[in-house]
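The next block is final-v4.txt, given as compact mmCIF, C-alpha atoms and all ligand atoms.
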# COMPACT_ATOMS: atom_id res chain seq x y z
CA MET A 1 -24.47 -0.95 2.85
CA ASN A 2 -22.29 -3.76 4.14
CA ILE A 3 -19.18 -4.03 2.00
CA LEU A 4 -16.86 -7.02 2.09
CA VAL A 5 -13.35 -5.80 1.27
CA LEU A 6 -11.02 -8.50 -0.02
CA ASN A 7 -7.26 -8.34 -0.51
CA CYS A 8 -6.25 -11.67 -2.04
CA GLY A 9 -2.51 -12.43 -2.11
CA SER A 10 -0.71 -15.54 -3.32
CA SER A 11 -1.01 -17.39 -0.02
CA SER A 12 -3.12 -15.09 2.11
CA VAL A 13 -6.45 -13.28 2.11
CA ARG A 14 -7.14 -10.18 4.22
CA PHE A 15 -10.69 -9.01 4.66
CA GLN A 16 -12.84 -6.40 6.36
CA ILE A 17 -16.58 -5.88 6.49
CA ILE A 18 -17.32 -2.17 6.51
CA SER A 19 -20.72 -0.55 6.89
CA THR A 20 -20.79 2.61 4.80
CA ASP A 21 -22.92 4.69 2.44
CA LEU A 22 -22.81 8.21 0.99
CA GLU A 23 -24.09 9.75 4.23
CA LYS A 24 -21.60 7.87 6.37
CA ILE A 25 -18.78 8.84 4.00
CA SER A 26 -19.54 12.55 4.31
CA GLY A 27 -19.99 12.27 8.09
CA ASN A 28 -16.91 10.05 8.47
CA THR A 29 -19.04 7.56 10.39
CA ASP A 30 -18.24 4.37 8.47
CA ARG A 31 -18.16 1.33 10.78
CA ARG A 32 -15.73 -1.54 10.71
CA LEU A 33 -17.94 -4.52 11.57
CA ALA A 34 -15.31 -7.25 11.26
CA ARG A 35 -11.85 -7.94 9.98
CA GLY A 36 -9.45 -10.82 9.62
CA HIS A 37 -6.59 -12.54 7.90
CA ILE A 38 -6.09 -16.05 6.52
CA GLU A 39 -2.43 -16.92 6.03
CA ARG A 40 -0.66 -19.98 4.58
CA ILE A 41 -3.48 -20.91 2.25
CA GLY A 42 -2.87 -24.28 0.59
CA GLY A 43 -2.45 -26.23 3.82
CA GLU A 44 -3.23 -25.76 7.48
CA ALA A 45 -4.00 -22.05 7.42
CA ILE A 46 -3.53 -19.62 10.30
CA ILE A 47 -6.65 -17.56 10.77
CA THR A 48 -7.22 -14.33 12.68
CA LEU A 49 -10.76 -13.05 13.11
CA GLU A 50 -12.13 -10.02 14.89
CA THR A 51 -15.65 -8.65 15.30
CA GLU A 52 -16.15 -4.98 16.20
CA GLY A 53 -15.93 -4.52 19.97
CA ARG A 54 -14.75 -8.06 20.69
CA ALA A 55 -11.36 -9.67 21.25
CA LYS A 56 -9.33 -11.02 18.37
CA GLN A 57 -9.46 -14.80 17.97
CA ARG A 58 -6.90 -17.04 16.37
CA THR A 59 -7.58 -20.45 14.95
CA SER A 60 -6.37 -22.78 12.20
CA ALA A 61 -8.11 -24.85 9.55
CA GLN A 62 -7.45 -26.59 6.25
CA VAL A 63 -7.91 -23.93 3.56
CA ARG A 64 -7.21 -25.32 0.09
CA ASP A 65 -7.25 -22.22 -2.09
CA THR A 66 -8.54 -18.67 -2.51
CA ARG A 67 -12.09 -19.87 -3.13
CA ALA A 68 -12.08 -21.93 0.08
CA ALA A 69 -10.74 -18.88 1.94
CA VAL A 70 -13.57 -16.66 0.67
CA GLU A 71 -16.10 -19.37 1.57
CA PHE A 72 -14.59 -19.60 5.06
CA ILE A 73 -14.82 -15.85 5.58
CA VAL A 74 -18.44 -15.64 4.46
CA ARG A 75 -19.47 -18.66 6.54
CA TRP A 76 -17.79 -17.19 9.61
CA ALA A 77 -19.21 -13.69 9.07
CA CYS A 78 -22.78 -15.03 8.86
CA SER A 79 -22.42 -17.37 11.84
CA GLU A 80 -23.98 -16.99 15.28
CA GLU A 81 -20.53 -17.18 16.81
CA ALA A 82 -19.14 -14.19 14.87
CA GLN A 83 -21.99 -11.86 15.87
CA VAL A 84 -21.28 -9.38 13.11
CA ASP A 85 -23.82 -6.60 13.54
CA GLY A 86 -26.42 -6.71 10.75
CA VAL A 87 -24.85 -9.70 8.99
CA LYS A 88 -26.88 -12.88 9.42
CA THR A 89 -26.98 -14.35 5.92
CA VAL A 90 -25.13 -14.01 2.63
CA ALA A 91 -27.82 -11.53 1.50
CA ASP A 92 -26.64 -9.07 4.18
CA VAL A 93 -23.44 -8.46 2.22
CA ASN A 94 -24.39 -5.82 -0.36
CA ALA A 95 -21.22 -5.63 -2.45
CA VAL A 96 -17.59 -6.77 -2.58
CA GLY A 97 -14.60 -4.47 -3.10
CA HIS A 98 -11.32 -5.98 -4.27
CA ARG A 99 -7.81 -4.66 -4.10
CA VAL A 100 -6.32 -5.26 -7.55
CA VAL A 101 -2.61 -4.62 -7.93
CA HIS A 102 -2.21 -3.67 -11.59
CA GLY A 103 -4.67 -1.72 -13.71
CA GLY A 104 -2.18 -0.71 -16.42
CA GLU A 105 -3.04 2.48 -18.30
CA ARG A 106 -6.63 1.43 -18.76
CA PHE A 107 -7.94 1.74 -15.22
CA THR A 108 -7.54 5.27 -13.91
CA HIS A 109 -10.33 4.87 -11.32
CA SER A 110 -12.14 2.13 -9.45
CA VAL A 111 -14.71 0.24 -11.56
CA LEU A 112 -17.70 -2.04 -11.25
CA ILE A 113 -16.50 -5.46 -12.39
CA THR A 114 -18.08 -6.73 -15.61
CA ASP A 115 -16.82 -9.52 -17.89
CA GLU A 116 -15.09 -6.86 -19.96
CA VAL A 117 -13.38 -5.36 -16.89
CA LEU A 118 -12.28 -8.84 -15.87
CA ARG A 119 -10.71 -9.29 -19.31
CA GLY A 120 -8.97 -5.93 -18.84
CA ILE A 121 -7.53 -7.11 -15.50
CA GLU A 122 -6.41 -10.32 -17.23
CA ASP A 123 -4.67 -8.23 -19.90
CA CYS A 124 -2.57 -6.65 -17.11
CA ILE A 125 -1.30 -10.05 -15.91
CA GLU A 126 1.92 -9.70 -17.90
CA LEU A 127 2.65 -6.51 -15.95
CA ALA A 128 2.00 -8.17 -12.56
CA PRO A 129 2.35 -11.93 -13.01
CA LEU A 130 2.51 -12.61 -9.27
CA HIS A 131 -0.41 -10.44 -8.18
CA ASN A 132 -3.16 -10.02 -10.76
CA PRO A 133 -3.88 -13.78 -11.12
CA THR A 134 -4.63 -14.11 -7.39
CA ASN A 135 -6.74 -10.94 -7.46
CA ILE A 136 -8.74 -12.49 -10.34
CA LYS A 137 -9.12 -15.72 -8.33
CA GLY A 138 -10.61 -13.65 -5.51
CA ILE A 139 -13.12 -12.03 -7.87
CA GLN A 140 -14.13 -15.41 -9.30
CA ALA A 141 -14.40 -16.94 -5.85
CA ALA A 142 -16.71 -14.13 -4.68
CA ARG A 143 -18.83 -14.62 -7.82
CA GLU A 144 -19.21 -18.30 -7.01
CA VAL A 145 -19.97 -17.74 -3.35
CA PHE A 146 -22.39 -14.80 -3.74
CA GLY A 147 -23.70 -15.41 -7.26
CA ALA A 148 -23.08 -13.28 -10.35
CA GLY A 149 -25.76 -10.76 -9.31
CA LEU A 150 -23.79 -9.28 -6.39
CA PRO A 151 -21.95 -6.09 -7.44
CA GLN A 152 -18.17 -6.33 -7.22
CA VAL A 153 -15.74 -3.45 -7.59
CA ALA A 154 -12.03 -3.38 -8.44
CA VAL A 155 -9.81 -0.78 -6.75
CA PHE A 156 -6.37 -0.58 -8.35
CA ASP A 157 -3.02 0.06 -6.67
CA THR A 158 -1.84 1.82 -9.81
CA ALA A 159 -4.88 4.06 -10.46
CA PHE A 160 -3.94 7.03 -8.25
CA HIS A 161 -0.62 7.40 -10.11
CA GLN A 162 -2.22 7.62 -13.54
CA THR A 163 -1.99 11.43 -13.22
CA LEU A 164 1.83 11.33 -13.54
CA PRO A 165 2.98 13.52 -16.44
CA ASP A 166 4.72 11.71 -19.34
CA TYR A 167 8.15 13.12 -18.44
CA ALA A 168 7.81 11.46 -15.01
CA TYR A 169 6.41 8.11 -16.11
CA LEU A 170 8.61 7.47 -19.17
CA TYR A 171 12.01 5.83 -18.82
CA ALA A 172 14.87 7.04 -20.99
CA LEU A 173 14.66 3.89 -23.11
CA PRO A 174 13.95 3.49 -26.83
CA TYR A 175 10.47 4.96 -27.15
CA GLN A 176 9.16 1.94 -29.08
CA LEU A 177 9.41 -0.15 -25.87
CA TYR A 178 6.70 2.06 -24.46
CA ARG A 179 4.69 1.98 -27.70
CA ARG A 180 4.98 -1.79 -28.09
CA TYR A 181 4.84 -3.07 -24.52
CA ARG A 182 3.79 -0.09 -22.38
CA VAL A 183 7.11 -0.15 -20.52
CA ARG A 184 6.74 2.85 -18.18
CA ARG A 185 6.45 3.82 -14.52
CA TYR A 186 3.08 2.80 -13.06
CA GLY A 187 3.69 3.08 -9.32
CA PHE A 188 1.91 1.09 -6.59
CA HIS A 189 0.47 1.57 -3.07
CA GLY A 190 -1.80 4.12 -4.80
CA THR A 191 -4.74 3.57 -2.46
CA SER A 192 -2.48 4.15 0.56
CA HIS A 193 -0.93 7.35 -0.83
CA ARG A 194 -4.41 8.54 -1.80
CA TYR A 195 -5.83 7.79 1.64
CA VAL A 196 -3.14 9.64 3.59
CA ALA A 197 -3.39 12.63 1.20
CA TYR A 198 -7.15 12.71 1.88
CA ARG A 199 -6.65 12.47 5.65
CA TYR A 200 -3.97 15.17 5.55
CA ARG A 201 -6.32 17.68 3.95
CA GLN A 202 -9.02 16.72 6.44
CA LEU A 203 -6.63 17.33 9.34
CA ARG A 204 -5.54 20.65 7.86
CA GLY A 205 -9.04 21.67 6.74
CA ILE A 206 -7.79 22.53 3.25
CA PRO A 207 -9.19 21.69 -0.21
CA ARG A 208 -7.74 19.03 -2.51
CA GLU A 209 -6.08 21.62 -4.79
CA GLN A 210 -3.95 22.83 -1.88
CA THR A 211 -2.61 19.37 -1.07
CA ASN A 212 1.14 19.63 -1.79
CA ILE A 213 2.89 16.84 0.07
CA ILE A 214 5.35 13.98 -0.13
CA THR A 215 3.94 10.71 1.18
CA LEU A 216 6.19 7.89 2.37
CA HIS A 217 4.57 4.46 2.65
CA MET A 218 7.08 2.36 4.58
CA GLY A 219 5.95 -1.19 5.35
CA ASN A 220 7.39 -4.42 3.99
CA GLY A 221 7.09 -2.74 0.61
CA CYS A 222 8.06 0.94 0.55
CA SER A 223 7.28 3.77 -1.84
CA ALA A 224 7.26 7.54 -1.98
CA ALA A 225 4.86 9.78 -3.88
CA ALA A 226 4.98 13.46 -4.81
CA ILE A 227 1.45 14.87 -4.57
CA ARG A 228 0.84 18.32 -6.05
CA GLY A 229 -2.58 19.94 -6.11
CA GLY A 230 -4.01 16.63 -4.84
CA ASP A 231 -2.65 14.63 -7.80
CA SER A 232 0.18 12.13 -7.78
CA VAL A 233 2.90 13.69 -10.00
CA ASP A 234 5.72 11.24 -9.28
CA THR A 235 6.29 8.02 -7.40
CA SER A 236 9.22 5.76 -6.66
CA MET A 237 7.95 2.34 -7.75
CA GLY A 238 8.10 1.70 -11.47
CA LEU A 239 6.98 -0.88 -14.00
CA THR A 240 7.02 -3.27 -11.04
CA PRO A 241 7.17 -2.73 -7.25
CA LEU A 242 10.93 -3.38 -7.27
CA GLU A 243 12.14 0.17 -8.01
CA GLY A 244 12.70 3.02 -5.58
CA LEU A 245 13.19 2.91 -1.82
CA VAL A 246 14.98 0.17 0.08
CA MET A 247 12.38 -2.36 1.28
CA GLY A 248 12.20 -5.43 3.56
CA THR A 249 13.59 -7.84 0.94
CA ARG A 250 13.64 -5.69 -2.23
CA SER A 251 16.67 -3.70 -3.34
CA GLY A 252 14.88 -0.64 -4.72
CA ASP A 253 17.03 1.41 -7.15
CA ILE A 254 20.20 -0.23 -8.47
CA ASP A 255 22.42 0.15 -11.51
CA PRO A 256 20.72 -2.16 -14.06
CA ALA A 257 24.15 -3.38 -15.23
CA ILE A 258 24.49 -5.18 -11.87
CA ILE A 259 22.04 -7.83 -13.06
CA ASP A 260 24.24 -9.06 -15.88
CA PHE A 261 27.42 -8.68 -13.81
CA VAL A 262 26.09 -10.75 -10.91
CA ALA A 263 24.52 -13.31 -13.26
CA ALA A 264 27.92 -13.92 -14.91
CA LYS A 265 29.88 -14.00 -11.63
CA GLU A 266 27.45 -16.26 -9.76
CA GLY A 267 26.43 -18.41 -12.74
CA LEU A 268 22.79 -17.40 -12.41
CA SER A 269 20.11 -16.61 -14.95
CA ALA A 270 18.85 -13.02 -15.20
CA GLN A 271 15.61 -14.28 -13.71
CA ALA A 272 17.39 -15.77 -10.69
CA VAL A 273 19.14 -12.43 -10.11
CA GLU A 274 15.78 -10.66 -10.31
CA THR A 275 14.45 -13.06 -7.67
CA MET A 276 17.48 -12.16 -5.55
CA LEU A 277 16.64 -8.46 -5.94
CA ASN A 278 13.03 -9.13 -4.91
CA LYS A 279 13.46 -11.66 -2.12
CA GLN A 280 16.98 -11.58 -0.71
CA SER A 281 17.93 -7.92 -0.86
CA GLY A 282 16.85 -4.76 0.96
CA LEU A 283 17.02 -4.79 4.78
CA LEU A 284 17.41 -8.57 4.78
CA GLY A 285 20.21 -8.57 2.23
CA ILE A 286 22.28 -5.83 3.87
CA SER A 287 21.84 -7.02 7.46
CA GLY A 288 22.02 -10.74 6.73
CA LEU A 289 19.57 -11.04 9.64
CA THR A 290 15.98 -10.13 8.92
CA ASN A 291 13.63 -8.04 6.80
CA ASP A 292 11.84 -6.86 9.94
CA MET A 293 12.67 -3.26 10.88
CA ARG A 294 11.61 -3.75 14.49
CA GLU A 295 14.13 -6.59 14.93
CA LEU A 296 16.87 -4.60 13.20
CA LEU A 297 16.34 -1.63 15.50
CA ALA A 298 16.55 -3.98 18.50
CA GLU A 299 19.73 -5.65 17.15
CA ALA A 300 21.38 -2.28 16.58
CA GLU A 301 20.40 -1.04 20.03
CA GLU A 302 21.04 -4.14 22.13
CA ASN A 303 23.97 -5.76 20.32
CA ASP A 304 25.33 -2.80 18.38
CA ASP A 305 25.18 -5.02 15.29
CA ARG A 306 27.12 -3.20 12.55
CA ARG A 307 25.19 -4.55 9.60
CA ALA A 308 21.81 -4.01 11.24
CA ARG A 309 22.87 -0.39 11.74
CA LEU A 310 24.05 -0.16 8.15
CA ALA A 311 20.76 -1.54 6.82
CA ILE A 312 18.80 1.07 8.81
CA GLU A 313 21.15 3.82 7.65
CA ILE A 314 20.88 2.90 3.95
CA PHE A 315 17.09 2.61 4.28
CA CYS A 316 16.77 6.09 5.80
CA TYR A 317 19.36 7.68 3.51
CA ARG A 318 17.52 6.49 0.40
CA ALA A 319 14.19 7.79 1.73
CA ARG A 320 15.79 11.18 2.47
CA LYS A 321 17.23 11.37 -1.07
CA TYR A 322 13.75 10.78 -2.51
CA ILE A 323 12.32 13.55 -0.35
CA GLY A 324 15.01 15.92 -1.60
CA SER A 325 14.47 15.03 -5.23
CA TYR A 326 10.68 15.36 -4.96
CA LEU A 327 10.99 18.73 -3.23
CA ALA A 328 12.98 19.87 -6.26
CA ALA A 329 10.71 18.14 -8.78
CA MET A 330 7.47 19.61 -7.39
CA GLY A 331 8.79 23.07 -6.51
CA GLY A 332 8.55 22.57 -2.74
CA ALA A 333 5.94 20.94 -0.53
CA ASP A 334 4.07 21.78 2.67
CA ALA A 335 4.48 18.46 4.45
CA ILE A 336 5.92 14.97 4.52
CA VAL A 337 3.52 12.23 5.59
CA PHE A 338 4.74 8.95 7.07
CA THR A 339 2.61 5.81 6.87
CA GLY A 340 2.92 1.97 6.73
CA GLY A 341 4.14 -0.31 9.55
CA ILE A 342 7.54 1.42 9.83
CA GLY A 343 6.35 4.95 9.06
CA GLU A 344 3.50 4.72 11.58
CA ASN A 345 5.47 3.14 14.40
CA SER A 346 9.14 3.98 14.34
CA ALA A 347 10.02 7.42 15.73
CA GLU A 348 13.69 6.48 15.31
CA VAL A 349 13.40 5.80 11.57
CA ARG A 350 11.35 8.97 11.05
CA ALA A 351 13.96 11.03 12.92
CA LEU A 352 16.79 9.50 10.85
CA VAL A 353 14.94 10.14 7.58
CA CYS A 354 14.36 13.78 8.57
CA LYS A 355 17.88 14.30 9.97
CA GLU A 356 19.39 16.47 7.26
CA LEU A 357 16.17 18.13 6.21
CA GLU A 358 16.55 21.15 8.53
CA TRP A 359 17.93 22.94 5.50
CA PHE A 360 14.45 22.73 3.96
CA GLY A 361 12.92 24.13 7.13
CA LEU A 362 11.84 20.83 8.67
CA GLU A 363 12.13 20.93 12.47
CA ILE A 364 11.21 17.65 14.16
CA ASP A 365 9.59 17.96 17.59
CA GLU A 366 11.18 15.07 19.46
CA GLU A 367 8.37 14.63 21.93
CA ARG A 368 5.62 14.71 19.30
CA ASN A 369 7.62 12.29 17.19
CA ARG A 370 8.01 9.86 20.12
CA GLU A 371 4.32 10.05 20.99
CA HIS A 372 3.09 9.14 17.51
CA THR A 373 3.13 5.35 17.40
CA ASN A 374 0.51 2.60 17.49
CA GLY A 375 -1.97 4.24 15.19
CA ARG A 376 -1.77 7.75 16.62
CA GLU A 377 -2.26 10.35 13.92
CA GLY A 378 -0.87 13.88 13.83
CA LEU A 379 1.87 16.46 13.48
CA ILE A 380 5.43 15.57 14.55
CA THR A 381 7.20 18.83 13.68
CA ARG A 382 7.37 22.02 15.75
CA ASP A 383 4.70 24.66 15.33
CA GLY A 384 5.90 27.06 12.66
CA SER A 385 8.19 24.50 10.97
CA ARG A 386 8.36 25.64 7.30
CA LEU A 387 8.17 22.02 6.12
CA ALA A 388 5.83 19.98 8.35
CA ALA A 389 5.83 16.23 8.96
CA TYR A 390 2.85 14.09 9.91
CA VAL A 391 2.18 10.49 10.87
CA ILE A 392 -1.05 9.23 9.31
CA PRO A 393 -1.91 5.52 9.70
CA THR A 394 -3.03 4.18 6.34
CA ASP A 395 -6.48 2.68 5.75
CA GLU A 396 -6.69 1.24 2.26
CA GLU A 397 -9.71 -0.89 3.17
CA LEU A 398 -11.78 2.16 4.03
CA LEU A 399 -11.14 3.72 0.62
CA ILE A 400 -11.90 0.40 -1.10
CA ALA A 401 -15.25 0.20 0.75
CA ARG A 402 -16.08 3.83 -0.09
CA ASP A 403 -15.12 3.43 -3.75
CA THR A 404 -17.29 0.31 -3.86
CA VAL A 405 -20.31 2.20 -2.56
CA ARG A 406 -19.79 5.02 -5.04
CA CYS A 407 -19.38 2.64 -7.99
CA VAL A 408 -22.46 0.62 -7.01
CA LEU A 409 -24.59 3.76 -6.65
CA GLY A 410 -23.10 5.43 -9.73
CA ALA A 411 -21.96 8.36 -7.57
CA PRO A 412 -18.96 10.43 -8.71
CA GLN A 413 -15.63 9.12 -7.49
CA ARG A 414 -13.36 11.22 -5.33
CA TYR A 415 -9.63 10.99 -5.80
P1 LIG A 501 2.93 -4.74 4.83
O1 LIG A 501 3.66 -3.87 3.84
O2 LIG A 501 3.19 -6.20 4.65
O3 LIG A 501 1.49 -4.35 5.03
P2 LIG A 501 3.41 -3.37 7.37
O4 LIG A 501 2.90 -2.07 6.83
O5 LIG A 501 2.68 -4.03 8.47
O6 LIG A 501 3.67 -4.43 6.21
O7 LIG A 501 4.93 -3.08 7.84
C1 LIG A 501 5.76 -4.10 8.31
C2 LIG A 501 7.05 -3.46 8.80
O8 LIG A 501 6.75 -2.52 9.85
C3 LIG A 501 8.04 -4.45 9.37
O9 LIG A 501 9.35 -4.15 8.92
C4 LIG A 501 7.93 -4.20 10.87
O10 LIG A 501 9.10 -4.51 11.54
C5 LIG A 501 7.69 -2.71 10.87
N1 LIG A 501 7.21 -2.27 12.19
C6 LIG A 501 6.05 -2.56 12.80
N2 LIG A 501 6.03 -2.02 14.05
C7 LIG A 501 7.21 -1.38 14.23
C8 LIG A 501 7.81 -0.63 15.28
N3 LIG A 501 7.19 -0.43 16.44
N4 LIG A 501 9.06 -0.14 15.08
C9 LIG A 501 9.70 -0.33 13.93
N5 LIG A 501 9.19 -1.02 12.89
C10 LIG A 501 7.98 -1.54 13.03
Show me this structure written as structure tokens.
Amino acid sequence: MNILVLNCGSSSVRFQIISTDLEKISGNTDRRLARGHIERIGGEAIITLETEGRAKQRTSAQVRDTRAAVEFIVRWACSEEAQVDGVKTVADVNAVGHRVVHGGERFTHSVLITDEVLRGIEDCIELAPLHNPTNIKGIQAAREVFGAGLPQVAVFDTAFHQTLPDYAYLYALPYQLYRRYRVRRYGFHGTSHRYVAYRYRQLRGIPREQTNIITLHMGNGCSAAAIRGGDSVDTSMGLTPLEGLVMGTRSGDIDPAIIDFVAAKEGLSAQAVETMLNKQSGLLGISGLTNDMRELLAEAEENDDRRARLAIEIFCYRARKYIGSYLAAMGGADAIVFTGGIGENSAEVRALVCKELEWFGLEIDEERNREHTNGREGLITRDGSRLAAYVIPTDEELLIARDTVRCVLGAPQRY
């Protein structure tokens, strides 16, 4: 089957076309036929397109909204010029898989989208006001472009973390806030944590039940997950993706009293302070320079910039504290897995995160660590290290395509 995977953000749409079916899943022979990215939707959009085996092309075009973006993608994919293998007309796309950010407590797995499911996703809008509406727009756009008959599947960022026990997902707040409004930890990046946990057990040749690891997704957004017996048992993001690790522009954990304090001092509303925590904090806020880790590392190295160094140090220190607390919470782990743009590419950040973890038996192999960048997957600790560390590039799109196939065929889902 040819699956169109869509990840619709507020001003961008990422897509892949993946050829997969149950046989290809078990043989790990899924094929990525095409991929691309439309940014700055709403005006003159910047478009990146790539067909399997051919060079990436960049172009620009007026793209009004999410629907126009989906139309653009489908038109391109079916065109002579794109030469996507096996895709000549709209009918050659067999299903669409969507990344949906928030599934609340209702969606514990991926689902075939019906009107009722769509209403359920709408009900979660209050939990993710920035994300779920654009995900819904993507679903509606695909319905209009392909017709209501084409199966569409929703894959939720929150679903993998629905196995958290109540003592891990509840905040120490008046219990009625949970009863009335479902205020609790949901966690995000679930598809990424799930994918690297799956790849880890493939690399190790072990069953799901023996998967005891801590996964660190470090990209623009960052989160950690404690995975015991294959299930997510704790994670650092909370009701929203603001909690936990230090991120590109998000603060992660802070004392909640800071919000009121800063609001009073700066004459801001609580909402304006929350925007500050989401958009002007994290690496950007500390360094005063950029939210981009690569640039910060260069600044620290070339200009010995004190605040760039401090931002990197706080980022790594926070990640290390989460590893320590999860090791205690889950009674030890076999490995730490790094993923996301920073986790996959920066040997320096990985080494800093792991610096004080020798006590737990983690021995970084400097050469292996240095060699694992640019999508290279594998072990970065010494042979015999009691706590291992791996780099595993994430692939959320692949899991979305596979979940889509399983939902369409009514096959059992694998988490
Ligand atoms: P998103 O969360 O938006 O998908 P990515 O996973 O692509 O983002 O991660 C983006 C982050 O990864 C940026 O901070 C970028 O600087 C960082 N990054 C990418 N390559 C490197 C590298 N070689 N060294 C350090 N950081 C890197």
Item to check | A:Ile392, A:Cys222, A:Arg318, A:Lys355 ranked by distance to ligand LIG 501 (chain A), top pick (using all atoms listed in the file) | outcome: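 Answer, going by the shortest atom-to-atom distance: A:Cys222.
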Kindly assemble as CSV a list of the chain A residues that lie within 7 Å of ligand LIG 501 (chain A), each paired with its nearest atom pair and their distance in Å to one decimal, using all atoms listed in the file, sorted first by chain and then by ascending residue number.
residue,atom,partner,partner_atom,distance
A:Met218,CA,A:LIG501,O4,6.5
A:Gly219,CA,A:LIG501,O7,3.3
A:Asn220,CA,A:LIG501,O1,3.8
A:Gly221,CA,A:LIG501,O1,4.8
A:Gly248,CA,A:LIG501,O9,6.2
A:Asn291,CA,A:LIG501,O9,6.2
A:Asp292,CA,A:LIG501,O9,3.8
A:Met293,CA,A:LIG501,O10,3.8
A:Arg294,CA,A:LIG501,O10,3.9
A:Glu295,CA,A:LIG501,O10,6.4
A:Leu297,CA,A:LIG501,C9,6.9
A:Gly340,CA,A:LIG501,O4,4.0
A:Gly341,CA,A:LIG501,O7,3.3
A:Ile342,CA,A:LIG501,O8,4.0
A:Asn345,CA,A:LIG501,N3,4.5
A:Ser346,CA,A:LIG501,N4,4.2
Item to check | Which of A:Leu296, A:Ala141, A:Ile259, A:Ile18 sits closest to Ala272 (chain A) [using only C-alpha atoms] | outcome: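 For Ala272 (chain A), the nearest of the candidates is A:Ile259.
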Given 4 Å of margin on each side, can you work out the centre and size in Å (one decimal) of an axis-aligned box holding every listed atom of region 224-239 of chain A, as AutoDock Vina command-line options?
--center_x 2.6 --center_y 9.5 --center_z -8.0 --size_x 21.2 --size_y 28.8 --size_z 20.0
Item to check | Computed interatomic separation between CA of Ala333 (chain A) and CA of Arg386 (chain A) (Å) | outcome: 9.4 Å
Item to check | Residues near Tyr171 (chain A), cut-off 12 Å, all atoms listed in the file, skip fewer than 3 positions along chain, as a count of residues only | outcome: 15
Item to check | Best match for closeness to Ser110 (chain A) among A:Ala91, A:Ala55, A:Leu130, A:Ala154, counting all atoms listed in the file | outcome: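 Among the listed residues, the smallest separation from Ser110 (chain A) belongs to A:Ala154.
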Checklist entry - Looking at all atoms listed in the file, which of A:Thr240, A:Thr211, A:Ser251, A:Gln162 is the one that sits closest to Asp334 (chain A)? => result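 Residue with the minimum atom-to-atom distance to Asp334 (chain A): A:Thr211.
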Checklist entry - By how many Å are CA of Gly86 (chain A) and CA of Met1 (chain A) apart? => result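 Separating CA of Gly86 (chain A) from CA of Met1 (chain A) is a distance of 10.0 Å.
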